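**Q** Input structure: query.txt, which contains compact mmCIF, C-alpha atoms and all ligand atoms.
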```txt
# COMPACT_ATOMS: atom_id res chain seq x y z
CA MET A 1 25.20 -37.86 13.98
CA ALA A 2 23.18 -40.55 12.16
CA ARG A 3 20.59 -42.45 14.22
CA THR A 4 18.97 -45.84 14.00
CA GLN A 5 17.08 -48.01 16.44
CA VAL A 6 19.28 -51.11 16.11
CA GLY A 7 22.90 -50.97 14.97
CA ILE A 8 23.88 -54.42 13.72
CA ILE A 9 27.55 -55.35 13.44
CA GLY A 10 28.18 -58.08 10.84
CA ALA A 11 26.39 -59.23 7.67
CA GLY A 12 26.53 -62.99 8.19
CA PRO A 13 23.34 -65.02 8.55
CA ALA A 14 22.79 -63.63 12.10
CA GLY A 15 23.09 -59.92 11.28
CA LEU A 16 21.20 -60.04 7.98
CA LEU A 17 18.34 -62.15 9.29
CA LEU A 18 17.99 -59.98 12.41
CA SER A 19 17.86 -56.85 10.28
CA TYR A 20 15.23 -58.39 8.02
CA LEU A 21 13.05 -59.57 10.94
CA LEU A 22 13.24 -56.13 12.62
CA HIS A 23 12.38 -54.16 9.47
CA ALA A 24 9.40 -56.47 8.93
CA GLU A 25 8.12 -55.32 12.35
CA GLY A 26 8.68 -51.65 11.54
CA ILE A 27 11.94 -51.28 13.45
CA ASP A 28 14.74 -49.34 11.88
CA ALA A 29 18.16 -51.04 11.64
CA VAL A 30 21.49 -50.56 9.89
CA VAL A 31 23.93 -53.42 9.17
CA LEU A 32 27.67 -52.63 9.17
CA GLU A 33 29.97 -55.24 7.58
CA ALA A 34 33.76 -55.24 7.44
CA ARG A 35 34.08 -57.27 4.23
CA SER A 36 32.83 -56.61 0.71
CA ARG A 37 29.52 -57.91 -0.59
CA GLU A 38 31.36 -60.22 -3.02
CA TYR A 39 33.43 -61.66 -0.19
CA VAL A 40 30.50 -62.55 2.06
CA GLU A 41 28.51 -63.94 -0.85
CA ARG A 42 31.35 -66.22 -1.96
CA ARG A 43 32.60 -67.48 1.38
CA VAL A 44 32.01 -71.26 1.35
CA ARG A 45 30.45 -72.42 4.61
CA ALA A 46 28.30 -75.27 5.89
CA GLY A 47 25.14 -76.27 4.08
CA VAL A 48 22.53 -77.98 6.25
CA CYS A 49 19.40 -76.06 7.27
CA GLU A 50 17.44 -77.69 10.03
CA HIS A 51 13.66 -77.88 9.87
CA PRO A 52 12.89 -74.81 12.06
CA THR A 53 15.34 -72.70 9.99
CA VAL A 54 13.66 -73.76 6.74
CA GLU A 55 10.20 -72.95 8.13
CA LEU A 56 11.30 -69.53 9.35
CA LEU A 57 12.88 -68.56 6.02
CA ARG A 58 9.68 -69.59 4.23
CA GLU A 59 7.45 -67.77 6.70
CA ILE A 60 9.21 -64.44 6.22
CA GLY A 61 9.24 -64.78 2.43
CA VAL A 62 12.92 -65.40 1.71
CA GLY A 63 12.65 -69.15 1.04
CA ALA A 64 11.74 -69.19 -2.67
CA ARG A 65 15.20 -69.91 -4.09
CA MET A 66 15.94 -72.35 -1.26
CA ASP A 67 12.78 -74.27 -2.18
CA ALA A 68 13.64 -74.19 -5.89
CA GLU A 69 17.36 -75.05 -5.67
CA GLY A 70 17.88 -76.59 -2.21
CA LEU A 71 17.86 -80.35 -1.73
CA PRO A 72 15.39 -81.69 0.86
CA HIS A 73 16.88 -84.76 2.57
CA HIS A 74 14.95 -87.45 4.40
CA GLY A 75 17.90 -89.20 5.97
CA PHE A 76 21.68 -89.63 6.07
CA SER A 77 24.15 -92.46 6.48
CA LEU A 78 26.44 -93.32 9.34
CA ARG A 79 29.24 -95.33 7.74
CA PHE A 80 31.52 -97.44 9.93
CA ASP A 81 33.07 -100.91 9.76
CA GLY A 82 32.74 -100.44 5.99
CA GLU A 83 28.93 -100.42 6.07
CA ASP A 84 26.16 -97.86 5.77
CA HIS A 85 23.53 -97.46 8.46
CA ARG A 86 20.79 -95.08 7.43
CA ILE A 87 19.34 -92.63 9.94
CA ALA A 88 15.83 -92.21 8.53
CA LEU A 89 15.19 -88.63 9.67
CA SER A 90 11.68 -88.24 8.29
CA GLU A 91 10.48 -91.66 9.49
CA LEU A 92 11.89 -91.05 12.95
CA THR A 93 10.83 -87.42 13.38
CA GLY A 94 8.32 -86.53 10.63
CA LYS A 95 10.75 -83.80 9.55
CA THR A 96 13.37 -83.24 6.88
CA ILE A 97 16.42 -81.02 6.50
CA MET A 98 17.40 -78.86 3.53
CA VAL A 99 20.85 -78.98 1.97
CA TYR A 100 21.39 -75.37 0.86
CA GLY A 101 24.68 -73.48 1.21
CA GLN A 102 24.94 -70.84 3.89
CA GLN A 103 26.31 -68.32 1.42
CA GLU A 104 23.19 -68.85 -0.71
CA ILE A 105 21.08 -67.77 2.29
CA VAL A 106 23.38 -64.78 2.73
CA LYS A 107 22.89 -63.91 -0.98
CA ASP A 108 19.10 -64.24 -0.66
CA LEU A 109 19.03 -62.01 2.42
CA ILE A 110 21.22 -59.35 0.82
CA ALA A 111 19.01 -59.38 -2.30
CA ALA A 112 15.92 -59.04 -0.07
CA HIS A 113 17.51 -56.04 1.69
CA GLU A 114 18.32 -54.47 -1.64
CA ALA A 115 14.79 -55.00 -2.96
CA LYS A 116 13.26 -53.32 0.11
CA GLY A 117 15.88 -50.62 0.49
CA TYR A 118 17.03 -51.78 3.94
CA PRO A 119 20.55 -50.43 4.61
CA VAL A 120 23.65 -52.66 4.62
CA GLU A 121 27.04 -50.92 4.56
CA PHE A 122 29.94 -53.08 3.37
CA GLU A 123 33.69 -52.54 3.77
CA VAL A 124 33.49 -50.54 6.99
CA SER A 125 36.53 -50.46 9.28
CA ASP A 126 37.64 -49.38 12.77
CA VAL A 127 34.30 -50.34 14.33
CA GLU A 128 34.15 -49.33 18.01
CA LEU A 129 31.27 -49.59 20.45
CA SER A 130 30.63 -47.16 23.32
CA GLY A 131 27.95 -46.21 25.85
CA LEU A 132 26.76 -49.81 26.13
CA ASP A 133 25.44 -49.28 29.64
CA SER A 134 23.48 -46.17 28.59
CA GLU A 135 20.18 -45.98 26.66
CA SER A 136 21.91 -44.58 23.59
CA PRO A 137 24.91 -46.73 22.74
CA ARG A 138 27.06 -45.69 19.81
CA VAL A 139 28.99 -47.29 16.99
CA SER A 140 31.87 -45.34 15.49
CA TYR A 141 33.48 -46.61 12.27
CA ARG A 142 34.96 -45.63 8.92
CA ASP A 143 32.85 -46.11 5.83
CA ALA A 144 34.09 -47.72 2.60
CA ASP A 145 35.67 -44.37 1.58
CA GLY A 146 37.54 -44.12 4.88
CA VAL A 147 35.30 -41.30 6.21
CA ALA A 148 34.78 -41.35 10.01
CA ARG A 149 31.12 -41.93 10.91
CA ALA A 150 29.07 -42.49 14.06
CA LEU A 151 25.72 -44.14 14.56
CA GLU A 152 23.62 -43.50 17.64
CA CYS A 153 21.35 -46.43 18.48
CA ASP A 154 18.84 -47.68 21.06
CA VAL A 155 20.42 -51.13 20.92
CA ILE A 156 23.51 -52.71 19.34
CA ALA A 157 23.45 -56.29 18.06
CA GLY A 158 26.87 -57.94 17.96
CA CYS A 159 26.55 -60.36 15.02
CA ASP A 160 30.19 -60.07 14.05
CA GLY A 161 31.29 -63.68 14.38
CA PHE A 162 33.97 -65.28 16.53
CA HIS A 163 36.68 -62.70 15.75
CA GLY A 164 34.49 -59.60 15.99
CA VAL A 165 34.72 -56.57 18.30
CA SER A 166 31.43 -57.06 20.16
CA ARG A 167 32.17 -59.94 22.53
CA PRO A 168 35.39 -58.33 23.87
CA SER A 169 33.28 -55.24 24.74
CA ILE A 170 31.47 -57.20 27.47
CA PRO A 171 33.29 -56.93 30.80
CA ASP A 172 33.60 -60.08 32.91
CA VAL A 173 32.24 -62.38 30.24
CA LYS A 174 32.65 -66.04 31.20
CA VAL A 175 33.90 -68.27 28.41
CA PHE A 176 33.74 -72.03 28.03
CA ASN A 177 36.21 -73.36 25.49
CA ARG A 178 37.22 -76.76 24.18
CA GLU A 179 39.64 -77.25 21.32
CA TYR A 180 39.89 -80.56 19.49
CA PRO A 181 43.16 -82.16 18.38
CA PHE A 182 41.99 -82.18 14.74
CA ALA A 183 40.57 -79.92 12.01
CA TRP A 184 38.47 -80.36 8.88
CA LEU A 185 39.88 -80.04 5.40
CA GLY A 186 36.86 -79.03 3.30
CA VAL A 187 36.72 -79.28 -0.49
CA LEU A 188 34.17 -78.20 -3.04
CA ALA A 189 34.36 -80.25 -6.25
CA ARG A 190 32.69 -80.01 -9.62
CA THR A 191 31.33 -83.55 -9.76
CA PRO A 192 27.91 -85.06 -9.09
CA PRO A 193 27.47 -86.43 -5.54
CA SER A 194 28.46 -90.09 -5.21
CA HIS A 195 25.42 -90.89 -3.06
CA GLU A 196 21.95 -89.28 -2.72
CA GLU A 197 22.44 -88.47 0.96
CA LEU A 198 25.12 -87.23 3.35
CA ILE A 199 27.55 -89.86 4.63
CA TYR A 200 29.22 -89.34 8.02
CA THR A 201 32.10 -91.83 8.12
CA HIS A 202 34.03 -93.13 11.07
CA HIS A 203 37.30 -94.74 9.92
CA GLU A 204 40.55 -95.56 11.69
CA ARG A 205 42.36 -93.21 9.24
CA GLY A 206 40.03 -90.43 10.43
CA PHE A 207 36.55 -89.02 9.90
CA ALA A 208 35.24 -88.19 6.42
CA LEU A 209 31.99 -86.55 5.29
CA HIS A 210 30.33 -86.72 1.91
CA SER A 211 27.92 -83.83 1.34
CA MET A 212 26.77 -81.79 -1.65
CA ARG A 213 25.53 -78.46 -2.88
CA SER A 214 23.66 -79.38 -6.08
CA PRO A 215 23.32 -82.26 -8.54
CA GLU A 216 26.63 -81.07 -10.05
CA ILE A 217 28.62 -80.00 -6.98
CA THR A 218 29.94 -82.22 -4.19
CA ARG A 219 31.16 -81.00 -0.79
CA LEU A 220 33.59 -83.26 1.07
CA TYR A 221 35.49 -83.09 4.32
CA LEU A 222 38.45 -84.97 5.83
CA GLN A 223 39.65 -85.00 9.41
CA VAL A 224 43.25 -83.69 9.47
CA PRO A 225 45.65 -82.73 12.31
CA HIS A 226 44.64 -79.44 13.99
CA ASP A 227 47.63 -77.47 12.70
CA GLU A 228 47.57 -78.94 9.18
CA LYS A 229 48.85 -76.79 6.30
CA ILE A 230 46.72 -76.82 3.17
CA ASP A 231 49.91 -77.27 1.06
CA GLU A 232 50.21 -80.77 2.49
CA TRP A 233 47.09 -81.69 0.52
CA PRO A 234 47.49 -81.69 -3.26
CA ASP A 235 44.27 -82.76 -5.02
CA ASP A 236 45.47 -86.34 -5.68
CA ARG A 237 46.14 -86.91 -2.01
CA ILE A 238 42.68 -85.58 -1.10
CA TRP A 239 40.94 -87.98 -3.49
CA SER A 240 42.93 -91.02 -2.46
CA GLU A 241 42.39 -90.31 1.24
CA LEU A 242 38.65 -89.78 0.71
CA SER A 243 38.44 -93.08 -1.18
CA ALA A 244 40.33 -94.91 1.55
CA ARG A 245 38.05 -93.61 4.32
CA LEU A 246 34.75 -93.88 2.44
CA VAL A 247 35.37 -97.50 1.42
CA THR A 248 32.43 -99.87 1.95
CA SER A 249 31.52 -103.45 1.24
CA GLY A 250 28.37 -102.19 -0.56
CA GLU A 251 27.87 -100.35 -3.83
CA PHE A 252 29.85 -97.12 -3.73
CA SER A 253 32.45 -95.42 -5.83
CA LEU A 254 33.66 -91.93 -5.19
CA ARG A 255 33.20 -89.58 -8.14
CA GLU A 256 36.19 -87.30 -8.62
CA GLY A 257 36.29 -83.94 -10.36
CA PRO A 258 38.05 -80.57 -10.41
CA ILE A 259 38.46 -79.07 -6.92
CA LEU A 260 37.01 -75.54 -6.85
CA ASP A 261 37.81 -74.55 -3.27
CA LYS A 262 39.72 -76.03 -0.33
CA SER A 263 40.35 -74.82 3.20
CA VAL A 264 41.19 -76.06 6.69
CA THR A 265 38.83 -75.20 9.56
CA PRO A 266 39.86 -75.74 13.18
CA MET A 267 37.32 -77.44 15.43
CA ARG A 268 36.23 -75.86 18.68
CA SER A 269 33.38 -75.65 21.12
CA PHE A 270 32.95 -72.22 22.68
CA VAL A 271 30.26 -70.39 24.66
CA ALA A 272 30.33 -66.86 26.11
CA GLU A 273 27.98 -66.09 29.00
CA PRO A 274 26.00 -63.94 29.29
CA MET A 275 25.09 -63.06 25.69
CA GLN A 276 24.07 -59.55 26.72
CA TYR A 277 25.55 -56.53 28.47
CA GLY A 278 23.49 -53.33 28.90
CA ARG A 279 22.23 -52.43 25.43
CA LEU A 280 24.56 -54.85 23.59
CA PHE A 281 23.17 -58.24 22.54
CA LEU A 282 25.38 -60.94 21.00
CA ALA A 283 24.02 -63.43 18.45
CA GLY A 284 25.48 -66.30 16.41
CA ASP A 285 29.21 -67.04 16.24
CA ALA A 286 29.97 -63.86 18.25
CA ALA A 287 28.59 -65.73 21.28
CA HIS A 288 29.20 -69.40 20.53
CA ILE A 289 30.98 -71.86 18.26
CA VAL A 290 30.19 -75.52 17.68
CA PRO A 291 32.32 -78.05 15.80
CA PRO A 292 30.63 -78.54 12.39
CA THR A 293 29.87 -82.26 12.85
CA GLY A 294 26.31 -81.60 14.04
CA ALA A 295 25.64 -78.97 11.32
CA LYS A 296 24.35 -76.58 13.96
CA GLY A 297 26.40 -73.34 13.55
CA MET A 298 24.16 -71.37 11.22
CA ASN A 299 20.99 -72.84 12.70
CA LEU A 300 21.93 -71.58 16.16
CA ALA A 301 22.54 -68.11 14.74
CA VAL A 302 19.04 -68.20 13.23
CA ALA A 303 17.50 -69.32 16.55
CA ASP A 304 19.29 -66.51 18.46
CA VAL A 305 18.07 -63.73 16.19
CA ARG A 306 14.52 -65.04 16.21
CA VAL A 307 14.52 -64.66 20.01
CA LEU A 308 16.31 -61.31 19.78
CA SER A 309 13.95 -59.81 17.20
CA ARG A 310 10.96 -60.58 19.43
CA ALA A 311 12.70 -59.17 22.48
CA LEU A 312 13.61 -55.96 20.63
CA VAL A 313 10.09 -55.47 19.27
CA ASP A 314 8.82 -55.65 22.85
CA LEU A 315 11.55 -53.37 24.17
CA LEU A 316 11.49 -50.70 21.49
CA GLN A 317 7.84 -50.67 20.47
CA HIS A 318 6.03 -51.60 23.65
CA LYS A 319 8.59 -50.47 26.27
CA ARG A 320 8.52 -53.95 27.83
CA SER A 321 11.93 -55.24 28.87
CA GLU A 322 11.20 -58.79 30.16
CA LEU A 323 12.14 -60.59 26.94
CA ALA A 324 15.27 -58.48 26.54
CA GLU A 325 16.31 -59.26 30.10
CA SER A 326 15.79 -62.99 29.61
CA TYR A 327 17.39 -63.02 26.11
CA SER A 328 20.65 -64.61 27.21
CA ASP A 329 19.03 -67.29 29.40
CA THR A 330 16.51 -68.17 26.70
CA CYS A 331 19.19 -68.56 24.00
CA LEU A 332 21.69 -70.39 26.18
CA LYS A 333 19.29 -73.29 26.72
CA ARG A 334 19.26 -74.05 23.00
CA VAL A 335 22.95 -73.19 22.67
CA TRP A 336 24.00 -75.75 25.29
CA ARG A 337 21.77 -78.44 23.75
CA ALA A 338 23.51 -77.83 20.42
CA GLU A 339 26.90 -77.73 22.15
CA HIS A 340 26.26 -81.13 23.65
CA PHE A 341 24.94 -82.61 20.41
CA SER A 342 27.86 -81.25 18.36
CA TRP A 343 30.40 -82.51 20.89
CA TYR A 344 28.68 -85.92 20.94
CA MET A 345 28.65 -86.26 17.13
CA THR A 346 32.29 -85.10 16.99
CA SER A 347 33.44 -87.53 19.70
CA MET A 348 31.54 -90.45 18.22
CA LEU A 349 32.83 -89.99 14.67
CA HIS A 350 36.44 -88.73 14.80
CA THR A 351 39.60 -90.69 15.46
CA ASP A 352 41.24 -89.17 18.53
CA PRO A 353 45.01 -89.05 17.89
CA ASP A 354 45.54 -89.25 21.67
CA GLY A 355 42.90 -91.93 22.21
CA ASP A 356 43.52 -95.50 23.31
CA ASP A 357 41.94 -98.83 22.38
CA PHE A 358 39.42 -98.54 25.21
CA GLN A 359 38.12 -95.28 23.76
CA ARG A 360 37.95 -96.76 20.25
CA ARG A 361 35.88 -99.69 21.48
CA LEU A 362 33.48 -97.28 23.23
CA GLN A 363 33.10 -95.27 20.02
CA LEU A 364 32.27 -98.33 17.98
CA SER A 365 29.80 -99.48 20.58
CA GLN A 366 28.09 -96.07 20.51
CA LEU A 367 27.93 -96.14 16.69
CA ARG A 368 26.47 -99.67 16.63
CA TYR A 369 23.90 -98.77 19.28
CA THR A 370 22.88 -95.60 17.41
CA ALA A 371 22.52 -97.54 14.16
CA SER A 372 20.55 -100.41 15.66
CA SER A 373 18.33 -98.92 18.38
CA LYS A 374 15.30 -96.95 17.27
CA ALA A 375 15.39 -94.99 20.53
CA ALA A 376 19.04 -93.98 20.04
CA ALA A 377 18.54 -93.16 16.36
CA THR A 378 15.46 -91.08 17.19
CA SER A 379 17.41 -89.06 19.73
CA LEU A 380 20.10 -88.32 17.16
CA ALA A 381 17.50 -87.54 14.49
CA GLU A 382 15.42 -85.15 16.59
CA ASN A 383 18.52 -83.13 17.46
CA TYR A 384 19.77 -83.22 13.86
CA VAL A 385 16.53 -81.97 12.26
CA GLY A 386 16.38 -79.29 14.96
CA LEU A 387 14.34 -79.11 18.15
CA PRO A 388 11.32 -76.78 17.91
CA PHE A 389 11.95 -73.10 18.73
CA GLU A 390 11.25 -72.24 22.38
N1 LIG A 401 32.98 -54.98 11.94
C1 LIG A 401 32.05 -55.32 11.03
N2 LIG A 401 31.83 -56.58 10.64
C2 LIG A 401 32.59 -57.54 11.20
C3 LIG A 401 33.57 -57.26 12.16
C4 LIG A 401 33.76 -55.89 12.53
N3 LIG A 401 34.68 -55.55 13.43
N4 LIG A 401 34.17 -58.42 12.54
C5 LIG A 401 33.56 -59.39 11.83
N5 LIG A 401 32.62 -58.87 11.02
C6 LIG A 401 31.74 -59.59 10.09
C7 LIG A 401 32.42 -60.72 9.34
O1 LIG A 401 33.10 -60.26 8.19
C8 LIG A 401 31.23 -61.60 8.97
O2 LIG A 401 30.70 -61.28 7.71
O3 LIG A 401 30.72 -60.22 10.81
C9 LIG A 401 30.19 -61.29 10.04
C10 LIG A 401 29.91 -62.47 10.93
O4 LIG A 401 29.27 -63.47 10.17
P1 LIG A 401 29.47 -65.05 10.40
O5 LIG A 401 30.88 -65.33 10.73
O6 LIG A 401 28.85 -65.71 9.25
O7 LIG A 401 28.65 -65.33 11.75
P2 LIG A 401 27.09 -65.47 12.03
O8 LIG A 401 26.29 -64.50 11.24
O9 LIG A 401 26.99 -65.52 13.50
O10 LIG A 401 26.72 -66.89 11.42
C11 LIG A 401 27.07 -68.08 12.03
O11 LIG A 401 28.63 -68.68 10.36
O12 LIG A 401 30.82 -69.29 10.94
C12 LIG A 401 29.60 -69.72 10.47
O13 LIG A 401 29.47 -71.96 11.16
C13 LIG A 401 29.07 -70.66 11.44
O14 LIG A 401 27.25 -71.26 10.23
C14 LIG A 401 27.64 -70.44 11.30
C15 LIG A 401 27.41 -69.05 10.95
C1 LIG A 402 28.19 -79.24 4.46
O1 LIG A 402 27.52 -79.67 3.52
O2 LIG A 402 28.96 -78.27 4.31
C2 LIG A 402 28.07 -79.84 5.80
C3 LIG A 402 27.14 -80.85 6.00
C4 LIG A 402 27.03 -81.44 7.25
C5 LIG A 402 27.84 -81.03 8.28
C6 LIG A 402 28.77 -80.02 8.10
C7 LIG A 402 28.89 -79.43 6.84
O3 LIG A 402 27.72 -81.62 9.50
```
Write out the structure in this file as structure tokens.
**A**
Amino acid sequence: MARTQVGIIGAGPAGLLLSYLLHAEGIDAVVLEARSREYVERRVRAGVCEHPTVELLREIGVGARMDAEGLPHHGFSLRFDGEDHRIALSELTGKTIMVYGQQEIVKDLIAAHEAKGYPVEFEVSDVELSGLDSESPRVSYRDADGVARALECDVIAGCDGFHGVSRPSIPDVKVFNREYPFAWLGVLARTPPSHEELIYTHHERGFALHSMRSPEITRLYLQVPHDEKIDEWPDDRIWSELSARLVTSGEFSLREGPILDKSVTPMRSFVAEPMQYGRLFLAGDAAHIVPPTGAKGMNLAVADVRVLSRALVDLLQHKRSELAESYSDTCLKRVWRAEHFSWYMTSMLHTDPDGDDFQRRLQLSQLRYTASSKAAATSLAENYVGLPFE
């Protein structure tokens, strides 16, 4: 049977970054991914890297393309009552964020694995975990040719996202779940952004977000009902709804262009506790989900694997288990902060289909306070750019 020190399930940002961090410390790891390389590299996801994520990617030497092609942003707009209110991130916090698509980070990490010869196996199936409460847990799976394989490990890292096999392998896991009565329709369009910065819009017709990927590509989102079918949204309807919600009394006109990709994403908040069982450690979406309004999903995955890589270096190289034992508690502190922030941004900005006038007045009051009080704006900004690690 093949052996490795850390068997990593999933080649999203969590699994790939963990593998890279471990190899850099001389720990052997194998990444097993259900999808093809093309699929994971093309999957359109969120695009905001918080400050600590950017620093980490630079530090480990995988930030070159991000620095060349990513867009550093110093602020963003909250748009409501038809007016823009700028949250000046760098003035308020001394930090910036980087707009750079998650799948670009995935591409960079896969290329870095390839260059160094670190193993990533794509298109595996029938992944099963066993012996999690022993010191040599196992992963059995079929490789891309359908051949049955097994990998004996010291530790398994469950980085296989919300629908993976790892979390269900933990007995008695406690879950916290909140679903929202709306979803996001996301579109990628070939047209220059209509504004230099992101615009988070609160409108009675529903939330809208103007974001971007490059000087030629715009990323836009619309709040839609939670069970919305994509067929309900021909391109013309998308553009007219975006224009209606993004309307302002100031200078702004929405640039339209060919739509390259569109999809509907449900919104949920979810946390599984603990994030560890025996020799299985969960990281990223396998353990927690945030609604995308705070742009925290990928950044939380990065924070988890940074903690996990340090804990595993101590466990496997120095036979010290303290950091491994406290892994879940350490991560959950940051996770719950991001859960609260994402819930707060979501509640402040969306139109609740079941809400009443009282709730709408509270929302507007919160938006006005955030836009006009330096203390409130600073609190939003420090969470948005990312609190320091640890
Ligand atoms: N076996 C192998 N791989 C699997 C399995 C399985 N049984 N189940 C899922 N996977 C793979 C998925 O195909 C995916 O590529 O695990 C990977 C998980 O990656 P992500 O979903 O990107 O999750 P994560 O790495 O935790 O990154 C979190 O992703 O969903 C976004 O908004 C989220 O930005 C956040 C980020
Ligand atoms: C994106 O650009 O995809 C994006 C930006 C900000 C968010 C969510 C998604 O809060």
**Q** Mind checking which residues fall within 8 Å of Pro137 (chain A), counting all atoms listed in the file, ignoring those fewer than 5 positions away in the same chain, and posting them as a PDB file with C-alpha atoms, in the frame of the given file?
**A**
```pdb
ATOM      1  CA  LEU A 129      31.270 -49.590  20.450  1.00  0.00           C
ATOM      2  CA  SER A 130      30.630 -47.160  23.320  1.00  0.00           C
ATOM      3  CA  GLY A 131      27.950 -46.210  25.850  1.00  0.00           C
ATOM      4  CA  LEU A 132      26.760 -49.810  26.130  1.00  0.00           C
ATOM      5  CA  GLU A 152      23.620 -43.500  17.640  1.00  0.00           C
ATOM      6  CA  CYS A 153      21.350 -46.430  18.480  1.00  0.00           C
ATOM      7  CA  ASP A 154      18.840 -47.680  21.060  1.00  0.00           C
ATOM      8  CA  VAL A 155      20.420 -51.130  20.920  1.00  0.00           C
ATOM      9  CA  ILE A 156      23.510 -52.710  19.340  1.00  0.00           C
ATOM     10  CA  ARG A 279      22.230 -52.430  25.430  1.00  0.00           C
TER      11      ARG A 279
END
```
**Q** In Å to one decimal, how far is CA of Val99 (chain A) from CA of Gly47 (chain A)?
**A**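 It comes out at 5.5 Å.
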**Q** Near region 319-322 of chain A, within 12 Å and counting only C-alpha atoms, which residues show up once chain neighbours fewer than 4 positions away are dropped, as a VMD selection string?
**A** chain A and resid 154 278 to 279 308 310 to 315 326 to 330
**Q** Can you work out which residues are within 7 Å of ligand LIG 401 (chain A), considering only C-alpha atoms and all ligand atoms, and then hand them over as a PyMOL selection string?
**A** chain A and resi 9-15+32-35+40+45-46+102+124-127+159-165+283-286+292+297-299+301
**Q** Using all atoms listed in the file, which residues sit within 7 Å of region 79-85 of chain A once same-chain residues fewer than 6 positions away are excluded, as a PyMOL selection string?
**A** chain A and resi 199-203+247-250+371
**Q** Using all atoms listed in the file, pick whichever of A:Phe176, A:Tyr344, A:Trp336, A:Trp239 has the shortest atom-to-atom distance to Gly294 (chain A).
**A** A:Tyr344
**Q** Within 10 Å of ligand LIG 402 (chain A), counting all atoms listed in the file, which protein or nucleic acid residues do you find, written as a VMD selection string?
**A** chain A and resid 44 to 49 76 99 to 102 184 186 to 188 198 to 200 209 to 213 218 to 221 291 to 297 342 345 to 346 384
**Q** In terms of the shortest atom-to-atom distance over only C-alpha atoms, which of A:Asn177, A:Ser214, A:Asn383, A:Ser373 is closest to Ala68 (chain A)?
**A**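 For Ala68 (chain A), the nearest of the given residues is A:Ser214.
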**Q** Have a look at A:Gln223, A:Ser243, A:Gln5, A:Gln276 and name the one nearest to Ser263 (chain A); count only C-alpha atoms.
**A**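 Among the listed residues, A:Gln223 lies closest to Ser263 (chain A).
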**Q** How many Å lie between CA of Tyr180 (chain A) and CA of Pro274 (chain A), rounded to one decimal?
**A**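 For CA of Tyr180 (chain A) relative to CA of Pro274 (chain A), the distance reads 23.8 Å.
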**Q** Taking into account all atoms listed in the file, which residue in the set A:Ile170, A:Val106, A:Ile8, A:Ile60 is nearest to Arg43 (chain A)?
**A**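 Of the candidates, the smallest distance to Arg43 (chain A) is held by A:Val106.
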**Q** May I ask for the distance between CA of Asp261 (chain A) and CA of Glu121 (chain A), given in Å to one decimal place?
**A**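 Atom-to-atom, CA of Asp261 (chain A) and CA of Glu121 (chain A) are spaced 27.1 Å apart.
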**Q** With only C-alpha atoms as the basis for distance, which of A:Asp354, A:Leu21, A:Leu260, A:Ala303 is at the shortest distance from Glu50 (chain A)?
**A**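 Using only C-alpha atoms, the shortest distance to Glu50 (chain A) belongs to A:Ala303.
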